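**Q** Input file: data.txt. Contents: compact mmCIF, C-alpha atoms (C1' of nucleotides).
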```
# COMPACT_ATOMS: atom_id res chain seq x y z
CA MET A 1 84.36 74.56 -43.56
CA THR A 2 83.53 73.22 -40.16
CA GLY A 3 84.84 76.44 -38.74
CA SER A 4 83.26 76.34 -35.33
CA GLY A 5 83.79 72.63 -34.90
CA PRO A 6 87.30 71.61 -33.93
CA ALA A 7 88.01 67.92 -33.83
CA GLU A 8 84.95 66.54 -32.11
CA ASP A 9 82.65 67.37 -34.97
CA ASP A 10 84.63 66.14 -37.94
CA ALA A 11 82.22 63.30 -38.45
CA GLY A 12 81.82 64.27 -42.05
CA ASN A 13 83.77 61.13 -42.79
CA ALA A 14 81.12 58.87 -41.32
CA ASP A 15 80.14 56.19 -43.80
CA LEU A 16 76.63 55.30 -44.89
CA GLY A 17 76.48 52.41 -42.45
CA THR A 18 76.99 54.74 -39.51
CA VAL A 19 74.40 57.17 -40.82
CA PHE A 20 71.79 54.51 -41.47
CA ARG A 21 72.45 52.90 -38.12
CA ALA A 22 71.95 56.27 -36.45
CA LEU A 23 68.75 56.88 -38.37
CA ALA A 24 67.41 53.40 -37.71
CA ASP A 25 66.37 54.45 -34.22
CA GLU A 26 63.00 56.13 -34.00
CA HIS A 27 64.02 58.58 -31.28
CA ARG A 28 67.04 59.77 -33.20
CA ARG A 29 64.95 60.04 -36.34
CA THR A 30 62.49 62.18 -34.41
CA VAL A 31 65.29 64.55 -33.45
CA ILE A 32 66.52 64.95 -37.00
CA VAL A 33 63.02 65.41 -38.36
CA LYS A 34 62.21 68.14 -35.86
CA LEU A 35 65.50 69.82 -36.62
CA ALA A 36 64.92 69.59 -40.35
CA ALA A 37 61.34 70.80 -40.05
CA ASP A 38 62.50 73.96 -38.35
CA GLY A 39 64.02 75.30 -41.52
CA SER A 40 66.58 77.37 -39.70
CA ASP A 41 69.90 76.10 -38.43
CA ARG A 42 69.44 77.64 -35.02
CA GLU A 43 70.31 75.70 -31.92
CA HIS A 44 67.74 73.64 -30.10
CA THR A 45 67.75 72.52 -26.49
CA CYS A 46 67.58 68.85 -25.66
CA ASN A 47 64.23 69.30 -23.97
CA SER A 48 62.63 70.60 -27.13
CA PHE A 49 62.45 67.05 -28.49
CA ASP A 50 60.45 65.46 -25.67
CA LEU A 51 62.18 62.13 -25.96
CA PRO A 52 60.52 59.56 -23.69
CA VAL A 53 63.82 58.34 -22.32
CA SER A 54 66.10 59.25 -19.47
CA LYS A 55 68.74 61.95 -19.62
CA GLN A 56 71.57 59.47 -19.89
CA THR A 57 69.90 57.81 -22.84
CA GLN A 58 69.37 61.17 -24.50
CA THR A 59 73.06 61.91 -24.11
CA HIS A 60 73.75 58.59 -25.82
CA HIS A 61 71.43 59.33 -28.74
CA PHE A 62 72.85 62.79 -29.33
CA ARG A 63 76.31 61.29 -29.26
CA VAL A 64 75.37 58.78 -31.95
CA LEU A 65 73.88 61.52 -34.10
CA ARG A 66 76.98 63.66 -33.67
CA GLU A 67 79.34 60.80 -34.54
CA ALA A 68 77.25 60.15 -37.63
CA GLY A 69 77.91 63.72 -38.70
CA LEU A 70 74.27 64.72 -38.54
CA ILE A 71 74.31 67.30 -35.77
CA HIS A 72 76.55 69.69 -33.91
CA GLU A 73 76.59 69.73 -30.14
CA ILE A 74 77.45 73.12 -28.71
CA ASN A 75 78.54 72.73 -25.13
CA TYR A 76 77.75 75.59 -22.77
CA GLY A 77 78.83 73.79 -19.65
CA ASN A 78 75.62 73.04 -17.88
CA ARG A 79 73.57 73.43 -21.02
CA LYS A 80 73.83 72.15 -24.56
CA GLY A 81 72.79 73.34 -27.96
CA ILE A 82 71.82 70.97 -30.77
CA ARG A 83 72.19 72.13 -34.33
CA LEU A 84 71.45 70.29 -37.57
CA ARG A 85 74.36 70.03 -39.99
CA ARG A 86 72.05 70.71 -42.88
CA ALA A 87 74.67 71.95 -45.30
CA GLU A 88 77.01 69.02 -44.81
CA ILE A 89 74.14 66.53 -44.98
CA ASN A 90 72.80 68.00 -48.20
CA ARG A 91 76.26 67.98 -49.66
CA ARG A 92 77.25 64.44 -48.74
CA LEU A 93 73.82 62.85 -48.61
CA PRO A 94 71.51 64.84 -50.86
CA GLY A 95 67.89 63.85 -50.44
CA LEU A 96 68.33 62.29 -47.03
CA LEU A 97 66.49 65.00 -45.12
CA ASP A 98 63.71 64.91 -47.68
CA LEU A 99 63.30 61.19 -47.07
CA LEU A 100 62.99 61.75 -43.33
CA THR A 101 60.54 64.64 -43.49
CA ALA A 102 58.46 62.95 -46.17
CA GLU A 103 58.05 59.89 -43.96
CA ARG A 104 56.65 61.99 -41.14
CA ARG A 105 54.24 63.80 -43.39
CA ASP A 106 53.07 60.54 -44.86
CA THR A 107 52.46 58.91 -41.50
CA GLY A 108 48.89 57.79 -41.11
CA THR A 109 48.01 58.11 -44.74
CA GLY A 110 47.80 54.39 -45.30
CA GLY A 111 46.31 54.98 -48.72
CA SER A 112 48.33 53.57 -51.56
CA ALA A 113 49.59 56.42 -53.67
CA MET B 1 53.52 29.33 -51.82
CA THR B 2 56.31 31.73 -51.84
CA GLY B 3 55.67 32.02 -55.51
CA SER B 4 53.58 34.84 -56.80
CA GLY B 5 51.96 35.67 -53.50
CA PRO B 6 51.74 39.43 -53.34
CA ALA B 7 50.84 39.61 -49.66
CA GLU B 8 54.31 38.73 -48.48
CA ASP B 9 55.94 41.21 -50.74
CA ASP B 10 53.80 44.19 -49.98
CA ALA B 11 56.49 45.59 -47.81
CA GLY B 12 55.74 48.94 -49.28
CA ASN B 13 54.36 49.60 -45.84
CA ALA B 14 57.74 49.15 -44.23
CA ASP B 15 58.65 52.25 -42.28
CA LEU B 16 61.87 54.17 -42.55
CA GLY B 17 63.27 52.47 -39.48
CA THR B 18 63.01 49.08 -41.14
CA VAL B 19 64.60 50.39 -44.32
CA PHE B 20 67.47 52.10 -42.53
CA ARG B 21 68.06 49.08 -40.34
CA ALA B 22 68.22 46.92 -43.44
CA LEU B 23 70.62 49.30 -45.15
CA ALA B 24 72.81 49.67 -42.07
CA ASP B 25 74.44 46.33 -42.85
CA GLU B 26 77.31 46.48 -45.30
CA HIS B 27 76.50 43.18 -46.97
CA ARG B 28 72.91 44.14 -47.58
CA ARG B 29 74.02 47.51 -48.85
CA THR B 30 76.35 45.75 -51.26
CA VAL B 31 73.44 43.76 -52.64
CA ILE B 32 71.29 46.82 -53.22
CA VAL B 33 74.16 48.76 -54.78
CA LYS B 34 74.94 45.96 -57.24
CA LEU B 35 71.28 45.66 -58.08
CA ALA B 36 70.94 49.39 -58.57
CA ALA B 37 74.12 49.60 -60.62
CA ASP B 38 72.77 47.07 -63.09
CA GLY B 39 70.24 49.51 -64.42
CA SER B 40 67.83 46.80 -65.46
CA ASP B 41 65.29 45.17 -63.22
CA ARG B 42 66.23 41.68 -64.30
CA GLU B 43 66.61 38.94 -61.75
CA HIS B 44 69.95 38.16 -60.18
CA THR B 45 71.06 34.94 -58.56
CA CYS B 46 72.25 34.93 -54.97
CA ASN B 47 75.71 33.87 -56.04
CA SER B 48 76.14 36.96 -58.16
CA PHE B 49 76.77 39.04 -55.05
CA ASP B 50 79.72 37.08 -53.66
CA LEU B 51 78.76 37.69 -50.07
CA PRO B 52 81.47 36.39 -47.73
CA VAL B 53 78.96 34.65 -45.48
CA SER B 54 77.31 31.26 -45.32
CA LYS B 55 74.17 30.31 -47.18
CA GLN B 56 72.01 30.58 -44.09
CA THR B 57 73.22 34.08 -43.44
CA GLN B 58 72.56 35.04 -47.04
CA THR B 59 69.03 33.78 -46.69
CA HIS B 60 68.68 35.95 -43.61
CA HIS B 61 69.98 39.06 -45.38
CA PHE B 62 67.71 38.61 -48.38
CA ARG B 63 64.81 38.14 -46.02
CA VAL B 64 65.58 41.42 -44.28
CA LEU B 65 65.84 43.21 -47.61
CA ARG B 66 62.56 41.72 -48.77
CA GLU B 67 60.74 42.65 -45.57
CA ALA B 68 62.08 46.17 -45.94
CA GLY B 69 60.40 46.32 -49.34
CA LEU B 70 63.65 46.72 -51.21
CA ILE B 71 63.75 43.52 -53.24
CA HIS B 72 61.56 40.79 -54.66
CA GLU B 73 62.46 37.18 -54.13
CA ILE B 74 61.26 34.94 -56.92
CA ASN B 75 61.18 31.38 -55.70
CA TYR B 76 61.89 28.67 -58.29
CA GLY B 77 61.97 25.85 -55.81
CA ASN B 78 65.61 24.98 -55.60
CA ARG B 79 66.73 28.29 -57.02
CA LYS B 80 65.91 31.88 -56.30
CA GLY B 81 65.79 35.12 -58.20
CA ILE B 82 66.52 38.51 -56.64
CA ARG B 83 65.04 41.60 -58.22
CA LEU B 84 65.33 45.21 -57.13
CA ARG B 85 62.04 47.00 -56.47
CA ARG B 86 63.34 50.09 -58.16
CA ALA B 87 59.98 51.61 -59.03
CA GLU B 88 58.55 51.26 -55.53
CA ILE B 89 61.74 52.53 -53.93
CA ASN B 90 61.88 55.57 -56.16
CA ARG B 91 58.24 56.26 -55.45
CA ARG B 92 58.29 55.89 -51.68
CA LEU B 93 61.91 56.79 -51.03
CA PRO B 94 63.09 59.02 -53.86
CA GLY B 95 66.83 59.58 -53.79
CA LEU B 96 67.62 56.55 -51.68
CA LEU B 97 69.25 54.56 -54.47
CA ASP B 98 71.24 57.62 -55.46
CA LEU B 99 72.59 57.88 -51.92
CA LEU B 100 73.72 54.27 -51.99
CA THR B 101 75.36 54.36 -55.40
CA ALA B 102 76.98 57.73 -54.73
CA GLU B 103 78.59 56.36 -51.58
CA ARG B 104 80.24 53.59 -53.52
CA ARG B 105 81.51 55.93 -56.19
CA ASP B 106 82.76 58.40 -53.61
CA THR B 107 84.67 55.84 -51.59
CA GLY B 108 88.24 56.89 -51.17
CA THR B 109 87.80 60.52 -52.03
CA GLY B 110 88.22 61.98 -48.57
CA GLY B 111 89.04 65.39 -49.95
CA SER B 112 88.00 67.69 -47.15
CA ALA B 113 88.50 71.17 -48.52
C1' DC C 1 64.82 6.58 -56.93
C1' DG C 2 69.52 8.27 -55.40
C1' DT C 3 72.64 12.11 -55.61
C1' DG C 4 73.92 16.76 -55.39
C1' DA C 5 73.52 21.81 -55.37
C1' DG C 6 70.74 25.57 -53.89
C1' DG C 7 67.68 27.21 -50.21
C1' DT C 8 65.23 27.19 -45.88
C1' DA C 9 64.06 26.40 -40.78
C1' DC C 10 65.43 26.15 -36.12
C1' DG C 11 68.65 26.60 -32.50
C1' DA C 12 72.80 28.42 -30.35
C1' DT C 13 76.29 31.89 -29.77
C1' DG C 14 78.87 36.08 -29.53
C1' DC C 15 78.64 40.95 -29.94
C1' DA C 16 76.54 45.50 -30.42
C1' DA C 17 73.09 48.63 -28.96
C1' DG C 18 69.17 50.78 -26.12
C1' DA C 19 67.90 51.71 -21.67
C1' DC C 20 68.52 52.78 -16.85
C1' DG C 21 70.82 53.63 -11.89
C1' DT C 22 74.28 55.77 -9.46
C1' DA C 23 77.67 59.04 -8.98
C1' DC C 24 79.86 63.12 -10.41
C1' DC C 25 80.64 67.56 -12.93
C1' DT C 26 79.16 72.41 -14.47
C1' DG C 27 77.14 76.73 -14.20
C1' DA C 28 73.23 79.84 -12.59
C1' DA C 29 70.57 81.54 -8.70
C1' DG C 30 69.93 82.44 -3.76
C1' DC D 1 78.93 78.35 -0.21
C1' DT D 2 74.55 75.77 -0.90
C1' DT D 3 71.10 74.40 -3.88
C1' DC D 4 69.31 72.89 -8.14
C1' DA D 5 68.73 71.76 -13.00
C1' DG D 6 71.11 70.08 -17.02
C1' DG D 7 74.75 66.86 -18.70
C1' DT D 8 78.10 63.35 -18.54
C1' DA D 9 80.73 58.94 -17.26
C1' DC D 10 80.67 54.25 -15.87
C1' DG D 11 78.58 49.95 -14.98
C1' DT D 12 74.86 46.74 -15.92
C1' DC D 13 70.86 44.55 -17.72
C1' DT D 14 68.27 43.18 -21.65
C1' DT D 15 67.22 42.95 -26.30
C1' DG D 16 68.33 42.60 -31.03
C1' DC D 17 71.16 41.05 -34.63
C1' DA D 18 74.79 38.76 -37.57
C1' DT D 19 76.66 34.43 -37.93
C1' DC D 20 77.09 29.63 -38.10
C1' DG D 21 75.80 24.33 -37.38
C1' DT D 22 72.67 20.87 -38.12
C1' DA D 23 68.85 19.08 -40.35
C1' DC D 24 65.45 19.14 -43.87
C1' DC D 25 63.24 20.56 -48.33
C1' DT D 26 63.13 21.16 -53.61
C1' DC D 27 64.30 20.44 -58.04
C1' DA D 28 67.48 18.86 -61.94
C1' DC D 29 70.08 15.15 -63.51
C1' DG D 30 71.44 10.37 -64.06
```
Just dump the structure as structure tokens.
**A**
Amino acid sequence: MTGSGPAEDDAGNADLGTVFRALADEHRRTVIVKLAADGSDREHTCNSFDLPVSKQTQTHHFRVLREAGLIHEINYGNRKGIRLRRAEINRRLPGLLDLLTAERRDTGTGGSA
Amino acid sequence: MTGSGPAEDDAGNADLGTVFRALADEHRRTVIVKLAADGSDREHTCNSFDLPVSKQTQTHHFRVLREAGLIHEINYGNRKGIRLRRAEINRRLPGLLDLLTAERRDTGTGGSA
DNA sequence: CGTGAGGTACGATGCAAGACGTACCTGAAG
DNA sequence: CTTCAGGTACGTCTTGCATCGTACCTCACG
């Protein structure tokens, strides 16, 4: 079903270790959360995430997320589109996106229960 | 004083990064999966996991899992009990244990449409 | 008290990962 | 073609982490 994605996106085989390792980084988690919070699967630009790191490092993070099967990277030459693989994630890892978005909503609560 | 001290175990404040980093390791994931597969919250001994690492490394892994709020370590002096914090996990991270156990069951499927 | 198994603490080591600098590529705008 | 912004590739530095070695602690057993 990965119609648009040829061979570079077939990271649907990534194991849990790869996914957790990708999501262990706060910057990468921020990307996924913003993507998931959008609700739509439309493409985002890299700048829309405001990551406080250099361009090279951003490229690295997006690569890790792609290899973990969490996002698609649509290459337009001198521009790039980032798209959440929501369907695949919900199929292989149901509840994962809920965990991520819930964490962000709960940030700062501090109150037990 | 590692006994019933609650302060050291209140890792319910551990953020998602700590949890994902803990679960990124295969050995630690194995521990949680075996604990979750048991169904009961009874204590397990460290030897029941058959981790292919030295004792010191096992101590390290259990420490990481404890600091991530995933397990309790009951200290009996010269022996230790490991107990899954199922209730807290399901409350703060609902679906997480399902992700872990599903991965183990799904291993080897690889049936991509 | 001595012995032994289980566990921990501290240090060292080897490897993976995050971050950046430099250089280069790609496409749009002039 | 030149310029410029966005992206990438490679090398490097630094940090973090998994692992083990050595030494020490704790309790049960005799």
**Q** Counting only C-alpha atoms (C1' of nucleotides), which residues of stretch 40-85 of chain B fall within 9 Å of stretch 1-25 of chain D, and what is the closest atom pair for each with its distance in Å at one decimal, ordered by chain and rising number, as CSV?
**A**
```
residue,atom,partner,partner_atom,distance
B:Val53,CA,D:DT19,C1',7.9
B:Ser54,CA,D:DC20,C1',7.4
B:Gln56,CA,D:DC20,C1',7.9
B:Thr57,CA,D:DT19,C1',6.5
B:Asn78,CA,D:DC25,C1',8.8
```
**Q** Pairing every C-alpha atom in order, fit chain B onto chain A and give me the RMSD in Å.
**A**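 The C-alpha RMSD comes out at 2.6 Å.
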**Q** In Å, how far is it from atom CA of B:Pro94 to atom CA of B:Ile71?
**A**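 We find that atom CA of B:Pro94 and atom CA of B:Ile71 lie 15.5 Å from each other.
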**Q** Check the smallest atom-to-atom distance from each of A:His44, A:His27, A:Lys34, A:Arg79 to chain D using only C-alpha atoms (C1' of nucleotides), then report the winner.
**A**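 Using only C-alpha atoms (C1' of nucleotides), chain D sits closest to A:Arg79.
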**Q** Enumerate, in order of chain and increasing residue number, the residues of chain C with an atom no farther than 8 Å from chain B, each with its shortest atom pair and distance in Å to one decimal, counting only C-alpha atoms (C1' of nucleotides), as a tab-separated table.
**A**
```
residue	atom	partner	partner_atom	distance
C:DG6	C1'	B:Asn78	CA	5.4
C:DG7	C1'	B:Asn78	CA	6.2
C:DT8	C1'	B:Thr59	CA	7.7
```
**Q** Just how far from atom CA of B:Asp98 is atom CA of B:Gly39, in Å to one decimal?
**A**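 Value for the atom CA of B:Gly39-atom CA of B:Asp98 distance: 12.1 Å.
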**Q** Grab all the atoms of stretch 38-43 of chain A that the file lists, wrap them in a box along x, y and z, add 8 Å per side, and give me centre plus edge lengths in Å (one decimal) as lines of an AutoDock Vina configuration file.
**A**
```
center_x = 66.4
center_y = 75.8
center_z = -36.7
size_x = 23.8
size_y = 19.7
size_z = 25.6
```
**Q** Skipping near chain neighbours, those fewer than 5 positions away, what residues fall within 9 Å of B:Gly81 using all atoms listed in the file, listed as a tab-separated table (two decimals) with C-alpha atoms, in the frame of the given file?
**A**
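Saved file part.tsv follows:
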```
chain	number	residue	atom	x	y	z
B	42	ARG	CA	66.23	41.68	-64.30
B	43	GLU	CA	66.61	38.94	-61.75
B	44	HIS	CA	69.95	38.16	-60.18
B	45	THR	CA	71.06	34.94	-58.56
B	46	CYS	CA	72.25	34.93	-54.97
B	72	HIS	CA	61.56	40.79	-54.66
B	73	GLU	CA	62.46	37.18	-54.13
B	74	ILE	CA	61.26	34.94	-56.92
B	75	ASN	CA	61.18	31.38	-55.70
B	76	TYR	CA	61.89	28.67	-58.29
```
**Q** Compile the residues of chain B that lie within 7 Å of chain A, evaluated using only C-alpha atoms, and express the compilation as a short mmCIF file (atom, residue, chain, number, x, y, z; two decimals) with C-alpha atoms, keeping the file's coordinate frame.
**A**
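What ended up in out.cif:
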```cif
data_model
loop_
_atom_site.label_atom_id
_atom_site.label_comp_id
_atom_site.auth_asym_id
_atom_site.auth_seq_id
_atom_site.Cartn_x
_atom_site.Cartn_y
_atom_site.Cartn_z
CA GLY B 17 63.27 52.47 -39.48
CA PHE B 20 67.47 52.10 -42.53
CA ARG B 21 68.06 49.08 -40.34
CA LEU B 23 70.62 49.30 -45.15
CA ALA B 24 72.81 49.67 -42.07
CA ASP B 25 74.44 46.33 -42.85
CA GLU B 26 77.31 46.48 -45.30
CA LEU B 93 61.91 56.79 -51.03
CA GLY B 95 66.83 59.58 -53.79
CA LEU B 99 72.59 57.88 -51.92
#
```
**Q** May I ask for the distance between atom CA of B:Ile89 and atom CA of A:Ala36, given in Å to one decimal place?
**A** 22.0 Å
**Q** Using all atoms listed in the file for the distances, tell me which of A:Arg63, A:Asp41, A:Gly69, A:Ala14 is nearest to chain D.
**A**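 Of A:Arg63, A:Asp41, A:Gly69, A:Ala14, the one nearest chain D, counting all atoms listed in the file, is A:Arg63.
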